[in-house]
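Source file: start.txt (compact mmCIF, C-alpha atoms)
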# COMPACT_ATOMS: atom_id res chain seq x y z
CA MET X 1 2.43 -15.50 -12.53
CA SER X 2 -0.81 -15.59 -14.52
CA ASN X 3 -2.07 -12.35 -16.09
CA MET X 4 -5.01 -10.61 -14.39
CA THR X 5 -7.90 -9.87 -16.76
CA HIS X 6 -10.16 -6.81 -16.49
CA ALA X 7 -12.86 -8.97 -14.85
CA GLN X 8 -10.40 -10.28 -12.26
CA GLY X 9 -9.20 -6.76 -11.53
CA MET X 10 -12.76 -5.58 -10.97
CA LYS X 11 -13.43 -8.60 -8.73
CA LYS X 12 -10.45 -7.61 -6.58
CA VAL X 13 -11.77 -4.04 -6.26
CA LEU X 14 -15.23 -5.41 -5.42
CA GLY X 15 -13.84 -7.85 -2.84
CA LEU X 16 -11.93 -5.10 -1.05
CA SER X 17 -15.00 -2.83 -1.17
CA LEU X 18 -17.14 -5.58 0.36
CA LEU X 19 -14.58 -5.94 3.15
CA VAL X 20 -14.87 -2.21 3.83
CA TRP X 21 -18.67 -2.22 3.90
CA ALA X 22 -18.74 -5.35 6.06
CA THR X 23 -16.48 -3.54 8.52
CA PHE X 24 -18.88 -0.58 8.44
CA GLY X 25 -21.68 -2.97 9.40
CA LEU X 26 -19.70 -4.31 12.37
CA ALA X 27 -18.44 -0.93 13.53
CA GLU X 28 -21.33 0.01 15.82
CA GLU X 29 -21.57 -3.43 17.45
CA THR X 30 -17.88 -4.16 17.96
CA GLY X 31 -16.34 -0.72 18.51
CA PHE X 32 -14.38 -0.63 15.25
CA THR X 33 -13.42 2.76 13.85
CA THR X 34 -12.84 3.07 10.11
CA HIS X 35 -11.27 5.58 7.74
CA THR X 36 -11.88 5.03 4.01
CA GLU X 37 -10.69 7.01 0.98
CA LEU X 38 -12.31 6.17 -2.36
CA GLY X 39 -11.24 7.49 -5.78
CA TYR X 40 -12.50 6.60 -9.29
CA VAL X 41 -11.92 7.92 -12.82
CA SER X 42 -13.43 6.66 -16.09
CA THR X 43 -13.04 8.19 -19.58
CA SER X 44 -14.24 7.07 -23.03
CA GLY X 45 -13.88 8.31 -26.59
CA ASN X 46 -10.44 8.82 -28.10
CA THR X 47 -8.98 7.21 -24.98
CA ASP X 48 -10.71 4.66 -22.77
CA THR X 49 -9.30 4.69 -19.24
CA THR X 50 -10.49 3.30 -15.94
CA SER X 51 -8.84 3.78 -12.57
CA GLY X 52 -9.88 3.26 -8.97
CA SER X 53 -8.19 3.64 -5.61
CA LEU X 54 -8.99 2.55 -2.07
CA ASP X 55 -7.27 3.55 1.17
CA PHE X 56 -8.77 1.85 4.21
CA VAL X 57 -7.90 1.84 7.90
CA GLY X 58 -9.92 -0.24 10.37
CA LYS X 59 -9.03 -0.17 14.07
CA LYS X 60 -10.32 -1.98 17.15
CA LYS X 61 -9.30 -1.10 20.74
CA TRP X 62 -9.97 -2.94 23.99
CA ASP X 63 -8.25 -2.45 27.35
CA LYS X 64 -4.52 -2.03 26.56
CA HIS X 65 -4.81 -3.83 23.22
CA SER X 66 -5.48 -2.61 19.68
CA VAL X 67 -5.51 -4.14 16.20
CA GLN X 68 -5.30 -2.09 13.01
CA LEU X 69 -5.71 -3.15 9.37
CA ASP X 70 -4.39 -0.87 6.59
CA LEU X 71 -5.19 -1.42 2.89
CA ASP X 72 -3.92 0.71 0.00
CA TYR X 73 -5.12 -0.49 -3.43
CA LEU X 74 -4.77 1.06 -6.89
CA TYR X 75 -6.02 -0.36 -10.19
CA SER X 76 -6.05 1.23 -13.65
CA GLU X 77 -6.24 0.29 -17.30
CA GLN X 78 -6.07 2.08 -20.65
CA ASP X 79 -7.88 0.89 -23.78
CA GLY X 80 -8.70 -2.37 -22.00
CA ILE X 81 -5.10 -3.12 -21.04
CA GLU X 82 -4.18 -3.16 -17.38
CA ASN X 83 -1.34 -0.74 -16.54
CA ASN X 84 -1.44 -0.50 -12.73
CA ASN X 85 -2.35 -3.06 -10.09
CA LYS X 86 -0.94 -2.44 -6.63
CA LEU X 87 -1.92 -3.56 -3.15
CA ILE X 88 -0.15 -2.63 0.10
CA SER X 89 -1.56 -4.12 3.30
CA GLU X 90 -0.44 -4.14 6.93
CA LEU X 91 -1.89 -5.71 10.05
CA ASN X 92 -0.61 -4.22 13.34
CA TYR X 93 -1.16 -5.40 16.90
CA ASP X 94 -0.28 -3.01 19.78
CA TYR X 95 -0.09 -3.60 23.52
CA GLN X 96 0.09 -0.30 25.45
CA PHE X 97 2.46 -1.05 28.35
CA ALA X 98 3.07 2.65 29.23
CA ASP X 99 1.38 5.99 28.56
CA ASP X 100 3.43 6.73 25.42
CA PHE X 101 4.91 3.31 24.57
CA ALA X 102 3.42 0.15 23.09
CA PHE X 103 4.73 -3.24 22.01
CA ASN X 104 3.95 -3.77 18.33
CA TYR X 105 3.81 -6.77 16.04
CA LEU X 106 3.16 -6.30 12.34
CA VAL X 107 2.53 -8.40 9.23
CA GLY X 108 2.98 -6.61 5.91
CA TYR X 109 2.28 -7.68 2.32
CA LYS X 110 2.85 -5.78 -0.92
CA ASP X 111 1.69 -6.94 -4.34
CA ASN X 112 2.61 -4.63 -7.23
CA LYS X 113 2.32 -6.32 -10.61
CA PHE X 114 4.40 -3.72 -12.46
CA SER X 115 7.20 -3.29 -9.92
CA GLY X 116 9.23 -6.37 -10.91
CA PHE X 117 8.16 -8.23 -7.75
CA ASP X 118 5.45 -10.88 -7.54
CA TYR X 119 5.10 -9.92 -3.90
CA GLN X 120 6.96 -8.58 -0.87
CA PHE X 121 6.33 -9.86 2.65
CA TYR X 122 7.67 -8.72 6.02
CA THR X 123 6.81 -9.47 9.65
CA GLY X 124 8.27 -8.91 13.10
CA PRO X 125 8.07 -7.24 16.53
CA GLY X 126 8.82 -3.66 17.48
CA ILE X 127 8.15 -0.64 19.70
CA LYS X 128 5.75 2.24 19.05
CA TYR X 129 6.24 5.66 20.68
CA ASP X 130 3.69 8.50 20.74
CA ALA X 131 6.14 11.39 20.57
CA ILE X 132 3.45 14.10 20.26
CA LYS X 133 -0.20 13.69 21.17
CA ASN X 134 -2.51 16.69 21.51
CA GLU X 135 -5.55 18.19 19.77
CA VAL X 136 -3.48 20.00 17.11
CA HIS X 137 -0.45 17.77 16.44
CA THR X 138 0.20 14.02 16.67
CA LEU X 139 3.42 12.18 15.86
CA ALA X 140 3.78 8.40 16.23
CA LEU X 141 7.16 6.70 15.71
CA LYS X 142 7.70 2.97 15.29
CA GLY X 143 10.68 0.66 14.86
CA ASN X 144 10.54 -3.08 14.07
CA ILE X 145 12.97 -5.92 13.47
CA VAL X 146 11.44 -7.88 10.59
CA TYR X 147 11.99 -10.93 8.42
CA SER X 148 11.56 -9.95 4.75
CA VAL X 149 10.88 -11.87 1.54
CA ASP X 150 11.07 -10.20 -1.88
CA GLU X 151 9.83 -12.52 -4.64
CA GLY X 152 10.92 -11.38 -8.12
CA THR X 153 8.71 -11.63 -11.20
CA ASP X 154 9.66 -13.83 -14.16
CA LYS X 155 10.96 -11.73 -17.07
CA TYR X 156 10.38 -12.35 -20.79
CA TYR X 157 12.88 -11.33 -23.51
CA ASP X 158 12.63 -11.47 -27.31
CA ALA X 159 15.32 -12.68 -29.75
CA THR X 160 17.10 -9.29 -29.65
CA GLY X 161 17.35 -9.36 -25.83
CA ALA X 162 14.72 -6.64 -25.31
CA GLU X 163 12.28 -7.19 -22.46
CA ILE X 164 8.70 -8.03 -23.46
CA LYS X 165 6.38 -5.89 -21.37
CA TYR X 166 2.83 -6.69 -20.28
CA PRO X 167 0.63 -7.96 -21.90
CA TYR X 168 3.02 -10.88 -22.35
CA VAL X 169 3.08 -13.19 -25.36
CA ASP X 170 2.52 -16.90 -24.86
CA PRO X 171 6.10 -18.27 -24.62
CA SER X 172 4.94 -21.65 -25.93
CA LYS X 173 3.99 -19.98 -29.26
CA ASP X 174 7.31 -18.20 -29.73
CA SER X 175 10.42 -20.33 -29.38
CA ALA X 176 12.60 -17.19 -29.54
CA THR X 177 11.21 -15.96 -26.22
CA THR X 178 13.63 -16.32 -23.31
CA ILE X 179 12.28 -16.62 -19.78
CA VAL X 180 14.42 -15.50 -16.84
CA ALA X 181 13.02 -16.68 -13.52
CA GLY X 182 12.57 -14.06 -10.83
CA GLU X 183 14.93 -14.18 -7.85
CA THR X 184 13.83 -14.76 -4.26
CA ASN X 185 15.55 -12.67 -1.60
CA LYS X 186 15.02 -13.61 2.07
CA TYR X 187 16.77 -11.53 4.72
CA SER X 188 16.63 -9.96 8.17
CA SER X 189 15.77 -6.27 8.11
CA TYR X 190 14.42 -3.31 10.03
CA LEU X 191 11.40 -1.07 9.47
CA LEU X 192 11.20 2.54 10.66
CA GLU X 193 7.91 4.43 10.42
CA GLY X 194 6.64 7.88 11.31
CA ALA X 195 3.06 9.18 11.11
CA TYR X 196 2.42 12.91 11.59
CA ALA X 197 -0.94 14.73 11.59
CA TRP X 198 -1.63 18.47 11.92
CA ASN X 199 -5.18 19.72 12.50
CA ILE X 200 -4.66 23.14 10.94
CA THR X 201 -8.30 24.06 11.62
CA LYS X 202 -11.31 22.11 12.84
CA SER X 203 -12.12 21.15 9.24
CA PHE X 204 -8.72 21.13 7.49
CA LYS X 205 -5.99 18.53 8.15
CA PHE X 206 -2.47 17.77 6.91
CA ILE X 207 -0.81 14.34 7.20
CA GLN X 208 2.65 12.96 6.42
CA ASP X 209 3.47 9.24 6.68
CA LEU X 210 6.95 7.91 5.99
CA SER X 211 8.42 4.40 6.21
CA TYR X 212 11.88 2.95 5.53
CA ARG X 213 12.59 -0.80 5.31
CA GLY X 214 16.25 -1.76 5.00
CA SER X 215 18.31 -4.93 5.02
CA PHE X 216 20.80 -5.69 7.80
CA GLU X 217 22.83 -7.68 5.28
CA SER X 218 23.14 -5.09 2.48
CA SER X 219 22.93 -1.33 2.93
CA ASP X 220 21.91 -1.00 -0.75
CA THR X 221 18.70 -2.99 -0.23
CA TYR X 222 16.05 -0.63 1.06
CA PHE X 223 12.54 0.63 0.32
CA VAL X 224 10.91 3.98 1.10
CA HIS X 225 7.19 4.78 1.12
CA SER X 226 5.79 8.28 1.62
CA LYS X 227 2.23 9.60 1.75
CA THR X 228 1.52 13.33 1.94
CA GLY X 229 -2.09 14.45 2.14
CA VAL X 230 -4.60 17.16 2.98
CA SER X 231 -8.29 16.77 3.72
CA SER X 232 -11.22 19.13 4.23
CA LYS X 233 -14.33 18.09 6.15
CA ILE X 234 -17.75 18.30 4.53
CA ASN X 235 -19.54 17.12 7.67
CA SER X 236 -18.83 14.82 10.63
CA MET X 237 -18.66 11.75 8.37
CA PHE X 238 -17.50 12.91 4.91
CA SER X 239 -14.40 14.79 3.71
CA MET X 240 -12.59 15.48 0.45
CA GLY X 241 -8.90 14.68 0.23
CA LEU X 242 -5.77 14.97 -1.94
CA ASN X 243 -2.84 12.56 -1.57
CA TYR X 244 0.62 12.32 -3.11
CA LYS X 245 2.40 8.96 -2.68
CA ILE X 246 5.95 7.91 -3.48
CA ASP X 247 7.23 4.31 -3.58
CA TYR X 248 11.01 4.06 -3.88
CA THR X 249 13.04 0.87 -4.42
CA ASN X 250 16.80 1.39 -4.28
CA LEU X 251 17.65 -1.85 -6.14
CA PRO X 252 14.73 -2.60 -8.46
CA PRO X 253 14.75 -5.71 -10.69
CA ALA X 254 16.33 -5.21 -14.11
CA GLY X 255 14.07 -3.22 -16.42
CA ASN X 256 12.15 -1.48 -13.63
CA VAL X 257 12.59 2.10 -12.40
CA ARG X 258 13.26 3.06 -8.78
CA THR X 259 10.34 5.44 -8.13
CA ASP X 260 6.56 5.15 -8.52
CA LYS X 261 4.50 8.32 -7.90
CA THR X 262 0.73 8.53 -7.46
CA PHE X 263 -1.57 11.53 -7.05
CA THR X 264 -5.19 10.88 -6.01
CA ALA X 265 -8.29 12.91 -5.20
CA SER X 266 -10.77 11.01 -3.07
CA LEU X 267 -13.94 11.00 -1.02
CA ILE X 268 -13.15 10.22 2.62
CA ILE X 269 -15.54 8.43 4.96
CA ASP X 270 -14.86 8.30 8.72
CA TYR X 271 -17.14 5.98 10.68
Please express what this file holds, its structure, as C-alpha cells.
Amino acid sequence: MSNMTHAQGMKKVLGLSLLVWATFGLAEETGFTTHTELGYVSTSGNTDTTSGSLDFVGKKKWDKHSVQLDLDYLYSEQDGIENNNKLISELNYDYQFADDFAFNYLVGYKDNKFSGFDYQFYTGPGIKYDAIKNEVHTLALKGNIVYSVDEGTDKYYDATGAEIKYPYVDPSKDSATTIVAGETNKYSSYLLEGAYAWNITKSFKFIQDLSYRGSFESSDTYFVHSKTGVSSKINSMFSMGLNYKIDYTNLPPAGNVRTDKTFTASLIIDY
C-alpha cells in the first residue's frame, strides 16, 4: 500500500468536509438530518503537531424507510510524519415493519493505516429493535449476519528481524529488507450493536455506543468498538462535546497491539 503524504491526508480531510457541507446544503430540500462533530489541534515550536477529527451522521427518512451514513475519521501527524489515519464508515438501510422492529441491511468499511490492516469490510442483513424510546432515554439494539473481509498490511523487516515502522524505507534500495505479505481473511460473522442515549437535562446529554463483530468460524476472531460521550448545548444548533473511543482487536497482526484509545473534544453541529 502506498504511503499517504501530508497533502494527501489533508485532501482526505477536505473531501470528507465537503461531503458534510454538501449534505448540509441538501438537508432543507430533501429532509436529511445531520449530526457533525469537528475537532482540530495544531501546535508549533519545540513540537509540531497537527490533528483533526470528524464524526458525521446523515439520515434520511421516508414512509417506513430510512438510510443513515456514519463517518468517523481521525488524522494526525507529528513533526511532519503521519502517525494516525483512521476511517470508519457505515451505511445502514432500515425498513420499519413494526412499531419497535425494523429490517436492517448494512455495509461497513474500516481503513486504519496503523492497525496492521489495509482495510476491513463487512456487509449483511439484520434486525433492529428499539428497546427504549422516550424523551429521556433511548436504547436501540441491532443484530446482523455479515460477510467479513480483513485485509492485512504488508510488513517490512530489517536484517535483524525487527519490524520497520512507518515511514517505510524503499525496499528496492535495501536488499536486506524482508517483505511479508499481509494475509487476507474472509469469513462469515455476526455483528451486535447497542446505542444508548440519556438526556440528563434539556441541554446535557450522555451517550454510549457499543459494537461487537465476531467470527462464526473462530471464537478468537472478534472486534469491539466503544464510544462514550457527553455533550452540552450552546443553542439549538451548536453544542460542545467530549468523547472517549476504544477500538479492540482480539487477534491483531504481528507487531500491532490489541487496543487503540482516542479522546476528543469537539464542536457539534446538529442540522
Checklist entry - Using only C-alpha atoms, which of X:Asp260, X:Asp48, X:Glu193, X:Asp79 sits nearest Gly143 of chain X? => result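 So, comparing all the options, the nearest one is X:Glu193.
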Checklist entry - By how many Å are atom CA of Ala140 of chain X and atom CA of Arg213 of chain X apart? => result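 The value is 16.8 Å.
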Item to check | Counting only C-alpha atoms, the option among X:Ile145, X:Ala159, X:Leu242, X:Ile200 closest to Ser188 of chain X | outcome: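 Ranked by minimum distance to Ser188 of chain X, first place goes to X:Ile145.
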Next on the checklist: Taking all atoms listed in the file into account, name the residue in X:Ser236, X:Thr34, X:Asn256, X:Ser226 that is nearest to Gln208 of chain X.
Outcome noted: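 Selected residue with least distance to Gln208 of chain X: X:Ser226.
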Checklist outcome for this item: Between X:Ser66, X:Ser53, X:Arg258, X:Gly108, smallest distance to Asn85 of chain X by only C-alpha atoms belongs to X:Ser53
Next on the checklist: Here's a test: counting only C-alpha atoms, identify every protein, DNA and RNA residue with an atom at most 12 Å from (-3.2, 22.0, 12.4) in the file's coordinate frame, and state them as number ranges by chain.
Outcome noted: X: 134-138, 196-207, 230-232
Checklist outcome for this item: Here atom CA of Asp118 of chain X and atom CA of Thr184 of chain X stand apart by 9.8 Å
Item to check | Two-atom distance - atom CA of Glu163 of chain X, atom CA of Ser148 of chain X (Å) | outcome: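 These two atoms are separated by 27.4 Å.
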Item to check | For Asn250 of chain X, the nearest of the candidates X:Ser266, X:Asn84, X:Thr43, X:Ser219, counting all atoms listed in the file | outcome: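 Using all atoms listed in the file, Asn250 of chain X sits closest to X:Ser219.
Residues having any atom no farther than 12 Å from (16.1, -7.1, -24.8) (counting only C-alpha atoms) are X:Lys155, X:Tyr156, X:Tyr157, X:Asp158, X:Ala159, X:Thr160, X:Gly161, X:Ala162, X:Glu163, X:Ile164, X:Lys165, X:Ala176, X:Thr177, X:Thr178, X:Ile179, X:Val180, X:Ala254, X:Gly255.
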Residues just named, written with C-alpha atoms as a PDB file, keeping the file's coordinate frame:
ATOM      1  CA  LYS X 155      10.960 -11.730 -17.070  1.00  0.00           C
ATOM      2  CA  TYR X 156      10.380 -12.350 -20.790  1.00  0.00           C
ATOM      3  CA  TYR X 157      12.880 -11.330 -23.510  1.00  0.00           C
ATOM      4  CA  ASP X 158      12.630 -11.470 -27.310  1.00  0.00           C
ATOM      5  CA  ALA X 159      15.320 -12.680 -29.750  1.00  0.00           C
ATOM      6  CA  THR X 160      17.100  -9.290 -29.650  1.00  0.00           C
ATOM      7  CA  GLY X 161      17.350  -9.360 -25.830  1.00  0.00           C
ATOM      8  CA  ALA X 162      14.720  -6.640 -25.310  1.00  0.00           C
ATOM      9  CA  GLU X 163      12.280  -7.190 -22.460  1.00  0.00           C
ATOM     10  CA  ILE X 164       8.700  -8.030 -23.460  1.00  0.00           C
ATOM     11  CA  LYS X 165       6.380  -5.890 -21.370  1.00  0.00           C
ATOM     12  CA  ALA X 176      12.600 -17.190 -29.540  1.00  0.00           C
ATOM     13  CA  THR X 177      11.210 -15.960 -26.220  1.00  0.00           C
ATOM     14  CA  THR X 178      13.630 -16.320 -23.310  1.00  0.00           C
ATOM     15  CA  ILE X 179      12.280 -16.620 -19.780  1.00  0.00           C
ATOM     16  CA  VAL X 180      14.420 -15.500 -16.840  1.00  0.00           C
ATOM     17  CA  ALA X 254      16.330  -5.210 -14.110  1.00  0.00           C
ATOM     18  CA  GLY X 255      14.070  -3.220 -16.420  1.00  0.00           C
TER      19      GLY X 255
END
